[in-house]
Amino acid sequence: MSSFRKVNYSLRPAKHAQRRMVSELLGCLYPFKAVRDYQYIGFGSLWFEDFRLFHKLLGFKKMVSIERSEAKDRFLHNKPFKAINLLFGDSGAKLPEIDWAKESIVWLDFDSPLSLETLRDVQLISASCKSGSCLAITLKVDEAAEILEAAKAQEEIEHAIAQFTSRFKDYYGGKVFSDDLRGNPFRQVCEEIVDAAVEQKIALRNTEKEGDDVFEFRRICRFSYSDATPMLTVLYVFYTRGDQGKFDECSFDTVDFLPNMDHEVKIQMPVMTLKEIREIEEQLPTDNIDALDAGYVPTSDVKKFVSIYRYLPNFSVLET
Amino acid sequence: MNENVDQISAFPTKSFFVDMLVRDIPLEQAVLDLVDNCIDGAKRLRGEDSNDLSGLRVEIQFSKEKFSIKDNCGGFDRQTAQMYAFRFGRPKGFNSTKHSIGQFGVGMKRALFKFGHEFLVQSRTPEESWAVRVDVPEWEAEENDWVFPWSEYEGGHEISDSPGTYIEVTKLRKGTATSFGTKVFENKIISSIKSKHRQFISFGMEIFVNGNRVDAADLRFFSTATLKPVVENFVFDEDGLEPVRIRIVVGISDSIPKSAGWYVVCNGRVILDADRREETGWGVIEDNADRPSLPSFHNQYSRFRGIVYFDSDDSSRVPWNTMKTDIDEDSLVWQRAYERMIVLARHVLDFINKLDSEIEDYGRDKSPLMRLIRNAPKSSVDVLKTDQAFKAPDKSSVEQAPPTIKIQYSRPIEEIEFLKSALGVDSARAVGERTFEIVLERNRG
């Protein structure tokens, strides 16, 4: 089922913060091409949150939203800008229709766990995108789909492990243990699998290439966050060796939340009242968190807040 | 070469020969061929029927720049190098390892040429040591000189004090380097070795790929007093030829479609993995209707496992193709085994069909047969050696559940979602069952 049936997108603060952070990273792509001239491809759902934000902040003029729901009219009705072109169908069927000769930013914002279909999408983009393109992939990482399948079939965990192994053995070389399919270990397994899938396609792409034409890929960062379910987002940039200078010029690791490339950015929501938020915000930014007058807010929440306050939505109370 | 105008020279050029040799072999298969050579060394060292290969080790390393494989499996001497390892094809009368798996005399050369343009092979036995280093383009340029020169043995690559062999390939071909540089290729090699060399690993041989130890993929069958896989042993004898020992094991295991099907093992090397093609009897084709066969494979048969072992001291007698990637269908040994495979598989498929229809009738959680299978222990195929008939529980031997009828109906998704939430369940099926239970309870009062 599409996630729009499960949750209203606009009520997910961690997701919102992540979107703002991603937008800051995408802004770094300008050495390749004026960012507004990139094409953006995503899964807008009914809310088109990422499309709204990116159009306003980054100025994308060409945007494509892929939607597998059959309620076409409702999606067309909710489309916020003329610039968005809606493609109805599975991403696996619609991604090949995209013009990959243009610099692209693709966000495969899945709300499901890793599957062979999601990997195929990742590989299709890795094999097709132009130098300077960016791919973000989001996956649900609380537990492997195979665990749910086994539970439904009333099979033991060994069944889930065997099923997962038989599906992903080319991408994950290690032995899979039952605790690898849930929680943090599962997130790491997913990262490794997606990485191997990208690497394979890039290697294949490079078979006949030499010198400046050889393709490179870099994992820029990984986001982990949870609004209700733990999610993972991995961000890649693809470029040719000839464009290495442009890539270096992007300086992704100079944005506030990314101390170094491939850093894991954990977005954790602090528990604070609006009054507390206002009081701390008045003292920001600061280089010395310990010197903040945070009132009664526990230090751990203060640290979480300071690390992401610029990206949080503005809260206000409409009724009491 | 004699440029005689009265005749046409058909002498092959080396580059033509090398290109032909490497063309049709997948890279992955070429790596496995080199592992096969190590295993043959182990068999020479420990005896062809030995089940103890502990302490023997193979280490494979590859990257974009270089490939290497080393072992401590006893090495091979100069004479073997001269007569066999570096010859193209096996000279008549050459006594090779009994019960070997590297039987075609092309594996090593094919792999070396496939990988790159420069290689070093060196080996040490208790008595001697030797090395051959070849720059392939230079070697190809010497058109008339079909020899590989000896070079100086260089130490420093040994796994231990035990004798062994070291092979290194550099100046990799472009396509090869591309694959060797990826994690996916490394994983493919690991999973191929895991399945193809399963038996040798279970005998204690240790194989490492880029530092990762490869464990054996165990093949296991449900095995209890009332549910046993069939095991059948027989020998195929032809006058004057080495006999072939055949063992067929067929039974049921976990319901995993990708693992279901036939496994064919020749002299310990797995040739087919979970095969579900016509070649192993699945599906009837009209042209061939008189050939005994099984139904087409369907996920319903995802519990089916069949394993056929062929063993012979003369490795040319077991029914594999030259790449060890498929069976040789024309082989009489295969045809004989095939007939028995079909007969034995039918009993197992009948039981699976029965199980399936029972699940249809009772539901998965209430089926007595299903319950029996779910709790059944499994045995490794390695212990299933003695002849036994297939044994499956029939309905009378298991606890009978009351007869049931399946109810099926459709309702709008929105209403089902509403009830899922209201009843705290997570599937449409559970909504159906729970609502039935509620109405039943209320009406019974």
# chains A, B, ... in the order shown; residues from 1 in each chain; ligands from 1
>>> interface_residues(of="chain A", to="chain B", cutoff="10 Å", atoms="only C-alpha atoms", output="ChimeraX atom specification")
/A:5,152-156,158-160,162-163,166-175,192-193,195-210
>>> write_last_selection(atoms="N, CA, C and O atoms", output="compact mmCIF listing (two decimals), in the first residue's frame")
# COMPACT_ATOMS: atom_id res chain seq x y z
N ARG A 5 -1.48 6.48 2.46
CA ARG A 5 -2.67 5.97 3.15
C ARG A 5 -2.41 5.75 4.63
O ARG A 5 -3.32 5.56 5.40
N LYS A 152 4.24 -14.43 8.33
CA LYS A 152 2.93 -14.66 7.71
C LYS A 152 2.75 -16.12 7.34
O LYS A 152 1.65 -16.67 7.41
N ALA A 153 3.85 -16.73 6.89
CA ALA A 153 3.77 -18.14 6.48
C ALA A 153 3.98 -19.05 7.69
O ALA A 153 4.08 -20.27 7.54
N GLN A 154 4.06 -18.44 8.88
CA GLN A 154 4.30 -19.18 10.12
C GLN A 154 5.54 -20.05 10.04
O GLN A 154 5.56 -21.20 10.48
N GLU A 155 6.57 -19.48 9.44
CA GLU A 155 7.85 -20.17 9.35
C GLU A 155 8.81 -19.57 10.37
O GLU A 155 8.61 -18.47 10.84
N GLU A 156 9.85 -20.33 10.67
CA GLU A 156 10.83 -19.86 11.65
C GLU A 156 11.74 -18.79 11.02
O GLU A 156 11.76 -18.60 9.81
N GLU A 158 14.85 -18.93 10.55
CA GLU A 158 15.81 -19.54 9.61
C GLU A 158 15.30 -19.41 8.18
O GLU A 158 16.07 -19.27 7.23
N HIS A 159 14.00 -19.49 8.04
CA HIS A 159 13.38 -19.38 6.72
C HIS A 159 13.62 -17.98 6.16
O HIS A 159 13.96 -17.81 4.98
N ALA A 160 13.47 -16.99 7.03
CA ALA A 160 13.69 -15.60 6.60
C ALA A 160 15.15 -15.41 6.20
O ALA A 160 15.44 -14.76 5.18
N ALA A 162 17.24 -17.70 5.10
CA ALA A 162 17.51 -18.41 3.83
C ALA A 162 16.95 -17.62 2.66
O ALA A 162 17.59 -17.49 1.61
N GLN A 163 15.78 -17.07 2.84
CA GLN A 163 15.13 -16.30 1.77
C GLN A 163 15.94 -15.03 1.46
O GLN A 163 16.21 -14.71 0.30
N SER A 166 19.19 -15.99 -0.24
CA SER A 166 19.05 -16.40 -1.63
C SER A 166 18.76 -15.19 -2.53
O SER A 166 19.17 -15.15 -3.68
N ARG A 167 18.13 -14.16 -1.98
CA ARG A 167 17.86 -12.97 -2.79
C ARG A 167 19.09 -12.07 -2.95
O ARG A 167 19.34 -11.54 -4.01
N PHE A 168 19.84 -11.90 -1.87
CA PHE A 168 20.86 -10.84 -1.89
C PHE A 168 22.29 -11.35 -1.83
O PHE A 168 23.20 -10.57 -1.57
N LYS A 169 22.50 -12.65 -2.05
CA LYS A 169 23.85 -13.19 -1.82
C LYS A 169 24.91 -12.54 -2.72
O LYS A 169 26.07 -12.46 -2.32
N ASP A 170 24.52 -12.08 -3.89
CA ASP A 170 25.52 -11.43 -4.75
C ASP A 170 25.97 -10.08 -4.17
O ASP A 170 27.06 -9.62 -4.48
N TYR A 171 25.12 -9.49 -3.38
CA TYR A 171 25.42 -8.13 -2.90
C TYR A 171 25.94 -8.13 -1.47
O TYR A 171 26.45 -7.13 -1.00
N TYR A 172 25.75 -9.23 -0.77
CA TYR A 172 26.19 -9.29 0.62
C TYR A 172 26.93 -10.60 0.84
O TYR A 172 26.34 -11.68 0.78
N GLY A 173 28.25 -10.49 1.06
CA GLY A 173 29.06 -11.70 1.11
C GLY A 173 29.07 -12.39 2.45
O GLY A 173 29.30 -13.59 2.55
N GLY A 174 28.80 -11.64 3.52
CA GLY A 174 28.91 -12.22 4.85
C GLY A 174 27.80 -13.20 5.16
O GLY A 174 26.78 -13.23 4.48
N LYS A 175 28.02 -14.00 6.18
CA LYS A 175 26.96 -14.90 6.63
C LYS A 175 25.90 -14.06 7.33
O LYS A 175 26.22 -13.16 8.10
N GLU A 192 25.44 -1.81 2.94
CA GLU A 192 26.46 -2.57 2.21
C GLU A 192 25.90 -3.11 0.88
O GLU A 192 26.57 -3.08 -0.15
N ILE A 193 24.66 -3.57 0.93
CA ILE A 193 24.05 -4.13 -0.27
C ILE A 193 23.84 -3.06 -1.35
O ILE A 193 24.17 -3.26 -2.52
N ASP A 195 25.45 -0.31 -1.67
CA ASP A 195 26.77 0.09 -2.14
C ASP A 195 27.32 -0.89 -3.18
O ASP A 195 27.85 -0.48 -4.22
N ALA A 196 27.17 -2.20 -2.89
CA ALA A 196 27.68 -3.21 -3.82
C ALA A 196 26.94 -3.14 -5.15
O ALA A 196 27.52 -3.33 -6.22
N ALA A 197 25.62 -2.84 -5.08
CA ALA A 197 24.82 -2.78 -6.30
C ALA A 197 25.25 -1.59 -7.16
O ALA A 197 25.37 -1.69 -8.39
N VAL A 198 25.51 -0.45 -6.52
CA VAL A 198 25.97 0.73 -7.26
C VAL A 198 27.34 0.44 -7.86
O VAL A 198 27.58 0.67 -9.06
N GLU A 199 28.24 -0.09 -7.03
CA GLU A 199 29.61 -0.36 -7.48
C GLU A 199 29.62 -1.28 -8.70
O GLU A 199 30.37 -1.07 -9.66
N GLN A 200 28.76 -2.31 -8.66
CA GLN A 200 28.72 -3.26 -9.78
C GLN A 200 28.36 -2.58 -11.09
O GLN A 200 28.98 -2.81 -12.12
N LYS A 201 27.33 -1.72 -11.04
CA LYS A 201 26.89 -1.06 -12.28
C LYS A 201 27.93 -0.08 -12.79
O LYS A 201 28.14 0.05 -13.99
N ILE A 202 28.58 0.63 -11.86
CA ILE A 202 29.59 1.59 -12.28
C ILE A 202 30.78 0.84 -12.91
O ILE A 202 31.32 1.26 -13.93
N ALA A 203 31.15 -0.30 -12.32
CA ALA A 203 32.26 -1.08 -12.88
C ALA A 203 31.91 -1.53 -14.30
O ALA A 203 32.72 -1.46 -15.22
N LEU A 204 30.68 -1.98 -14.47
CA LEU A 204 30.24 -2.44 -15.78
C LEU A 204 30.26 -1.30 -16.79
O LEU A 204 30.68 -1.46 -17.94
N ARG A 205 29.83 -0.14 -16.32
CA ARG A 205 29.79 1.05 -17.16
C ARG A 205 31.20 1.44 -17.60
O ARG A 205 31.39 2.01 -18.67
N ASN A 206 32.18 1.14 -16.74
CA ASN A 206 33.55 1.55 -17.02
C ASN A 206 34.33 0.58 -17.90
O ASN A 206 35.46 0.86 -18.27
N THR A 207 33.71 -0.58 -18.23
CA THR A 207 34.47 -1.61 -18.95
C THR A 207 35.17 -1.06 -20.18
O THR A 207 36.33 -1.36 -20.42
N GLU A 208 34.48 -0.27 -20.94
CA GLU A 208 35.08 0.23 -22.18
C GLU A 208 35.56 1.68 -22.06
O GLU A 208 35.83 2.33 -23.06
N LYS A 209 35.62 2.20 -20.85
CA LYS A 209 35.98 3.62 -20.70
C LYS A 209 37.43 3.78 -20.23
O LYS A 209 37.95 2.94 -19.52
N GLU A 210 38.02 4.88 -20.63
CA GLU A 210 39.40 5.13 -20.23
C GLU A 210 39.58 6.59 -19.84
O GLU A 210 38.80 7.45 -20.25
>>> atom_distance(atom1="atom CA of B:Val121", atom2="atom CA of B:Asp77")
12.0 Å
>>> residues_around(residues="B:Gln300", least_positions_apart="4", cutoff="12 Å", atoms="only C-alpha atoms", output="PyMOL selection string")
chain B and resi 254-258+260-261+295-296+304+349-357+359-360
>>> write_last_selection(atoms="N, CA and C atoms", output="compact mmCIF listing (two decimals), in the first residue's frame")
# COMPACT_ATOMS: atom_id res chain seq x y z
N ASP B 254 12.99 -26.98 3.78
CA ASP B 254 12.26 -25.72 3.94
C ASP B 254 11.67 -25.23 2.63
N SER B 255 10.58 -24.49 2.74
CA SER B 255 9.91 -24.00 1.54
C SER B 255 10.60 -22.76 1.01
N ILE B 256 11.67 -22.98 0.21
CA ILE B 256 12.40 -21.86 -0.38
C ILE B 256 12.53 -22.10 -1.88
N PRO B 257 11.73 -21.39 -2.68
CA PRO B 257 11.71 -21.70 -4.12
C PRO B 257 13.09 -21.72 -4.77
N LYS B 258 13.96 -20.77 -4.41
CA LYS B 258 15.25 -20.71 -5.09
C LYS B 258 16.17 -21.87 -4.72
N ALA B 260 14.95 -25.00 -4.24
CA ALA B 260 14.30 -26.27 -4.60
C ALA B 260 14.79 -26.77 -5.96
N GLY B 261 14.80 -28.08 -6.13
CA GLY B 261 15.19 -28.66 -7.42
C GLY B 261 16.25 -29.72 -7.24
N PRO B 295 6.23 -33.02 -13.36
CA PRO B 295 5.46 -31.84 -13.78
C PRO B 295 6.37 -30.63 -13.89
N SER B 296 5.89 -29.58 -14.55
CA SER B 296 6.68 -28.35 -14.60
C SER B 296 6.87 -27.83 -13.18
N PHE B 304 10.87 -29.26 -2.43
CA PHE B 304 11.53 -30.41 -3.06
C PHE B 304 13.05 -30.24 -3.11
N LEU B 349 6.97 -35.76 -4.76
CA LEU B 349 6.04 -34.75 -5.28
C LEU B 349 4.60 -35.09 -4.92
N ASP B 350 4.27 -36.38 -4.93
CA ASP B 350 2.91 -36.80 -4.53
C ASP B 350 2.62 -36.31 -3.11
N PHE B 351 3.62 -36.50 -2.25
CA PHE B 351 3.43 -36.08 -0.85
C PHE B 351 3.28 -34.57 -0.76
N ILE B 352 4.09 -33.85 -1.54
CA ILE B 352 4.01 -32.38 -1.50
C ILE B 352 2.63 -31.91 -1.98
N ASN B 353 2.10 -32.59 -3.01
CA ASN B 353 0.76 -32.25 -3.49
C ASN B 353 -0.28 -32.48 -2.40
N LYS B 354 -0.11 -33.59 -1.69
CA LYS B 354 -1.05 -33.93 -0.61
C LYS B 354 -0.99 -32.86 0.48
N LEU B 355 0.24 -32.47 0.80
CA LEU B 355 0.44 -31.45 1.82
C LEU B 355 -0.23 -30.14 1.40
N ASP B 356 -0.07 -29.82 0.13
CA ASP B 356 -0.62 -28.59 -0.40
C ASP B 356 -2.15 -28.58 -0.31
N SER B 357 -2.75 -29.70 -0.68
CA SER B 357 -4.21 -29.71 -0.67
C SER B 357 -4.71 -29.70 0.78
N ILE B 359 -3.26 -28.09 3.21
CA ILE B 359 -3.14 -26.69 3.66
C ILE B 359 -4.32 -25.87 3.11
N GLU B 360 -4.69 -26.18 1.87
CA GLU B 360 -5.87 -25.52 1.28
C GLU B 360 -7.10 -25.77 2.14
>>> residues_around(residues="stretch 98-103 of chain A", least_positions_apart="3", cutoff="8 Å", atoms="only C-alpha atoms", output="PyMOL selection string")
chain A and resi 33+38-39+94-95+128-133
>>> write_last_selection(atoms="C-alpha atoms", output="compact mmCIF listing (two decimals), in the first residue's frame")
# COMPACT_ATOMS: atom_id res chain seq x y z
CA LYS A 33 25.68 22.92 -13.39
CA TYR A 38 18.94 19.98 -12.82
CA GLN A 39 15.94 17.74 -13.35
CA LYS A 94 8.83 4.51 -15.36
CA LEU A 95 12.50 5.25 -14.63
CA SER A 128 22.30 5.70 -16.88
CA CYS A 129 22.88 8.99 -15.08
CA LYS A 130 25.09 11.79 -16.36
CA SER A 131 28.23 13.03 -14.61
CA GLY A 132 27.26 15.41 -11.81
CA SER A 133 24.05 13.52 -11.00
>>> select_by_dssp(residues="stretch 117-256 of chain A", states="alpha helix (DSSP H)", output="VMD selection string")
chain A and resid 117 to 128 145 to 152 157 to 168 183 to 205 244 to 250
>>> write_last_selection(atoms="C-alpha atoms", output="tab-separated table (two decimals), in the first residue's frame")
chain	number	residue	atom	x	y	z
A	117	GLU	CA	13.10	-4.28	-7.20
A	118	THR	CA	14.53	-1.33	-5.25
A	119	LEU	CA	18.05	-2.50	-6.11
A	120	ARG	CA	17.12	-2.70	-9.78
A	121	ASP	CA	16.01	0.95	-9.64
A	122	VAL	CA	19.28	1.92	-7.96
A	123	GLN	CA	21.23	0.05	-10.62
A	124	LEU	CA	19.27	1.52	-13.50
A	125	ILE	CA	20.12	5.04	-12.32
A	126	SER	CA	23.77	4.13	-11.63
A	127	ALA	CA	24.03	2.77	-15.16
A	128	SER	CA	22.30	5.70	-16.88
A	145	ALA	CA	10.71	-7.90	4.47
A	146	GLU	CA	11.67	-11.57	4.68
A	147	ILE	CA	10.95	-11.58	8.44
A	148	LEU	CA	7.39	-10.48	7.84
A	149	GLU	CA	7.00	-12.97	4.99
A	150	ALA	CA	8.22	-15.80	7.23
A	151	ALA	CA	5.93	-14.72	10.05
A	152	LYS	CA	2.93	-14.66	7.71
A	157	ILE	CA	13.48	-17.10	11.44
A	158	GLU	CA	15.81	-19.54	9.61
A	159	HIS	CA	13.38	-19.38	6.72
A	160	ALA	CA	13.69	-15.60	6.60
A	161	ILE	CA	17.49	-15.86	6.67
A	162	ALA	CA	17.51	-18.41	3.83
A	163	GLN	CA	15.13	-16.30	1.77
A	164	PHE	CA	17.13	-13.10	2.35
A	165	THR	CA	20.39	-14.88	1.54
A	166	SER	CA	19.05	-16.40	-1.63
A	167	ARG	CA	17.86	-12.97	-2.79
A	168	PHE	CA	20.86	-10.84	-1.89
A	183	GLY	CA	17.49	-2.82	13.81
A	184	ASN	CA	20.93	-1.29	13.47
A	185	PRO	CA	22.67	-4.38	12.06
A	186	PHE	CA	20.02	-4.54	9.35
A	187	ARG	CA	20.59	-0.90	8.47
A	188	GLN	CA	24.28	-1.66	8.00
A	189	VAL	CA	23.50	-4.72	5.87
A	190	CYS	CA	21.26	-2.53	3.68
A	191	GLU	CA	23.99	0.09	3.29
A	192	GLU	CA	26.46	-2.57	2.21
A	193	ILE	CA	24.05	-4.13	-0.27
A	194	VAL	CA	23.08	-0.83	-1.91
A	195	ASP	CA	26.77	0.09	-2.14
A	196	ALA	CA	27.68	-3.21	-3.82
A	197	ALA	CA	24.82	-2.78	-6.30
A	198	VAL	CA	25.97	0.73	-7.26
A	199	GLU	CA	29.61	-0.36	-7.48
A	200	GLN	CA	28.72	-3.26	-9.78
A	201	LYS	CA	26.89	-1.06	-12.28
A	202	ILE	CA	29.59	1.59	-12.28
A	203	ALA	CA	32.26	-1.08	-12.88
A	204	LEU	CA	30.24	-2.44	-15.78
A	205	ARG	CA	29.79	1.05	-17.16
A	244	GLN	CA	36.91	15.31	-10.43
A	245	GLY	CA	37.79	18.99	-9.98
A	246	LYS	CA	34.11	19.96	-10.07
A	247	PHE	CA	33.30	17.30	-7.52
A	248	ASP	CA	36.05	18.54	-5.19
A	249	GLU	CA	34.75	22.07	-5.60
A	250	CYS	CA	31.32	20.99	-4.32
>>> residues_around(residues="A:Leu86", least_positions_apart="2", cutoff="9 Å", atoms="only C-alpha atoms", output="PyMOL selection string")
chain A and resi 44+63-67+75-76+79+84+88
>>> write_last_selection(atoms="N, CA, C and O atoms", output="tab-separated table (two decimals), in the first residue's frame")
chain	number	residue	atom	x	y	z
A	44	GLY	N	6.48	11.93	-5.31
A	44	GLY	CA	5.86	13.05	-4.60
A	44	GLY	C	4.70	12.70	-3.69
A	44	GLY	O	4.36	13.46	-2.80
A	63	MET	N	10.57	18.80	-13.07
A	63	MET	CA	10.44	17.83	-11.99
A	63	MET	C	9.50	16.71	-12.44
A	63	MET	O	8.49	16.95	-13.11
A	64	VAL	N	9.85	15.48	-12.04
A	64	VAL	CA	9.04	14.31	-12.41
A	64	VAL	C	8.69	13.55	-11.15
A	64	VAL	O	9.56	13.21	-10.36
A	65	SER	N	7.41	13.31	-10.95
A	65	SER	CA	6.99	12.50	-9.80
A	65	SER	C	6.43	11.18	-10.30
A	65	SER	O	5.56	11.15	-11.16
A	66	ILE	N	6.97	10.10	-9.77
A	66	ILE	CA	6.48	8.77	-10.17
A	66	ILE	C	5.53	8.28	-9.09
A	66	ILE	O	5.85	8.31	-7.90
A	67	GLU	N	4.37	7.84	-9.50
A	67	GLU	CA	3.34	7.47	-8.54
A	67	GLU	C	2.68	6.16	-8.98
A	67	GLU	O	2.21	6.05	-10.10
A	75	PHE	N	-4.16	12.68	-7.53
A	75	PHE	CA	-2.76	13.13	-7.55
A	75	PHE	C	-2.60	14.37	-8.44
A	75	PHE	O	-1.92	15.31	-8.07
A	76	LEU	N	-3.26	14.32	-9.59
A	76	LEU	CA	-3.19	15.47	-10.49
A	76	LEU	C	-3.79	16.70	-9.81
A	76	LEU	O	-3.28	17.81	-9.93
A	79	LYS	N	-1.30	18.25	-7.36
A	79	LYS	CA	0.00	18.68	-7.90
A	79	LYS	C	0.17	20.18	-7.68
A	79	LYS	O	-0.63	20.97	-8.16
A	84	ILE	N	5.72	20.19	-12.44
A	84	ILE	CA	5.81	18.76	-12.10
A	84	ILE	C	5.09	17.92	-13.15
A	84	ILE	O	3.92	18.17	-13.47
A	88	PHE	N	2.56	7.78	-14.01
A	88	PHE	CA	1.87	6.77	-13.20
A	88	PHE	C	2.35	5.38	-13.54
A	88	PHE	O	2.33	4.97	-14.71
>>> select_by_dssp(residues="stretch 224-284 of chain B", states="strand (DSSP E)", output="PyMOL selection string")
chain B and resi 230-236+244-252+261-266+269-275
>>> write_last_selection(atoms="C-alpha atoms", output="tab-separated table (two decimals), in the first residue's frame")
chain	number	residue	atom	x	y	z
B	230	VAL	CA	14.64	-41.78	0.01
B	231	VAL	CA	18.27	-42.86	-0.40
B	232	GLU	CA	19.29	-45.19	-3.23
B	233	ASN	CA	22.80	-46.39	-4.10
B	234	PHE	CA	23.81	-48.29	-7.23
B	235	VAL	CA	26.81	-48.82	-9.46
B	236	PHE	CA	26.95	-48.27	-13.21
B	244	VAL	CA	30.58	-45.08	-11.50
B	245	ARG	CA	28.96	-45.13	-8.06
B	246	ILE	CA	25.62	-43.28	-7.96
B	247	ARG	CA	23.71	-42.12	-4.89
B	248	ILE	CA	20.33	-40.41	-5.13
B	249	VAL	CA	18.71	-38.69	-2.15
B	250	VAL	CA	15.26	-37.12	-2.55
B	251	GLY	CA	13.12	-35.56	0.14
B	252	ILE	CA	11.68	-32.36	1.47
B	261	GLY	CA	15.19	-28.66	-7.42
B	262	TRP	CA	17.95	-31.08	-8.33
B	263	TYR	CA	21.56	-30.88	-7.20
B	264	VAL	CA	24.08	-32.90	-9.20
B	265	VAL	CA	27.46	-33.66	-7.64
B	266	CYS	CA	30.31	-35.23	-9.64
B	269	ARG	CA	32.08	-31.02	-7.12
B	270	VAL	CA	28.54	-29.61	-7.36
B	271	ILE	CA	27.65	-29.27	-11.06
B	272	LEU	CA	24.00	-28.24	-10.83
B	273	ASP	CA	22.39	-26.24	-8.07
B	274	ALA	CA	18.65	-26.30	-7.44
B	275	ASP	CA	18.04	-27.18	-11.09
>>> atom_distance(atom1="atom CA of B:Ser129", atom2="atom CA of B:Phe62")
24.6 Å
>>> atom_distance(atom1="atom CA of A:Met231", atom2="atom CA of A:Arg19")
13.1 Å
>>> closest_residue(among="A:Arg182, A:Arg68, A:Lys303, A:Lys266", to="A:Gly42", atoms="only C-alpha atoms")
A:Arg68
>>> closest_residue(among="B:Ala42, B:Asp328, B:Phe113, B:Gly281", to="B:Phe17", atoms="only C-alpha atoms")
B:Phe113
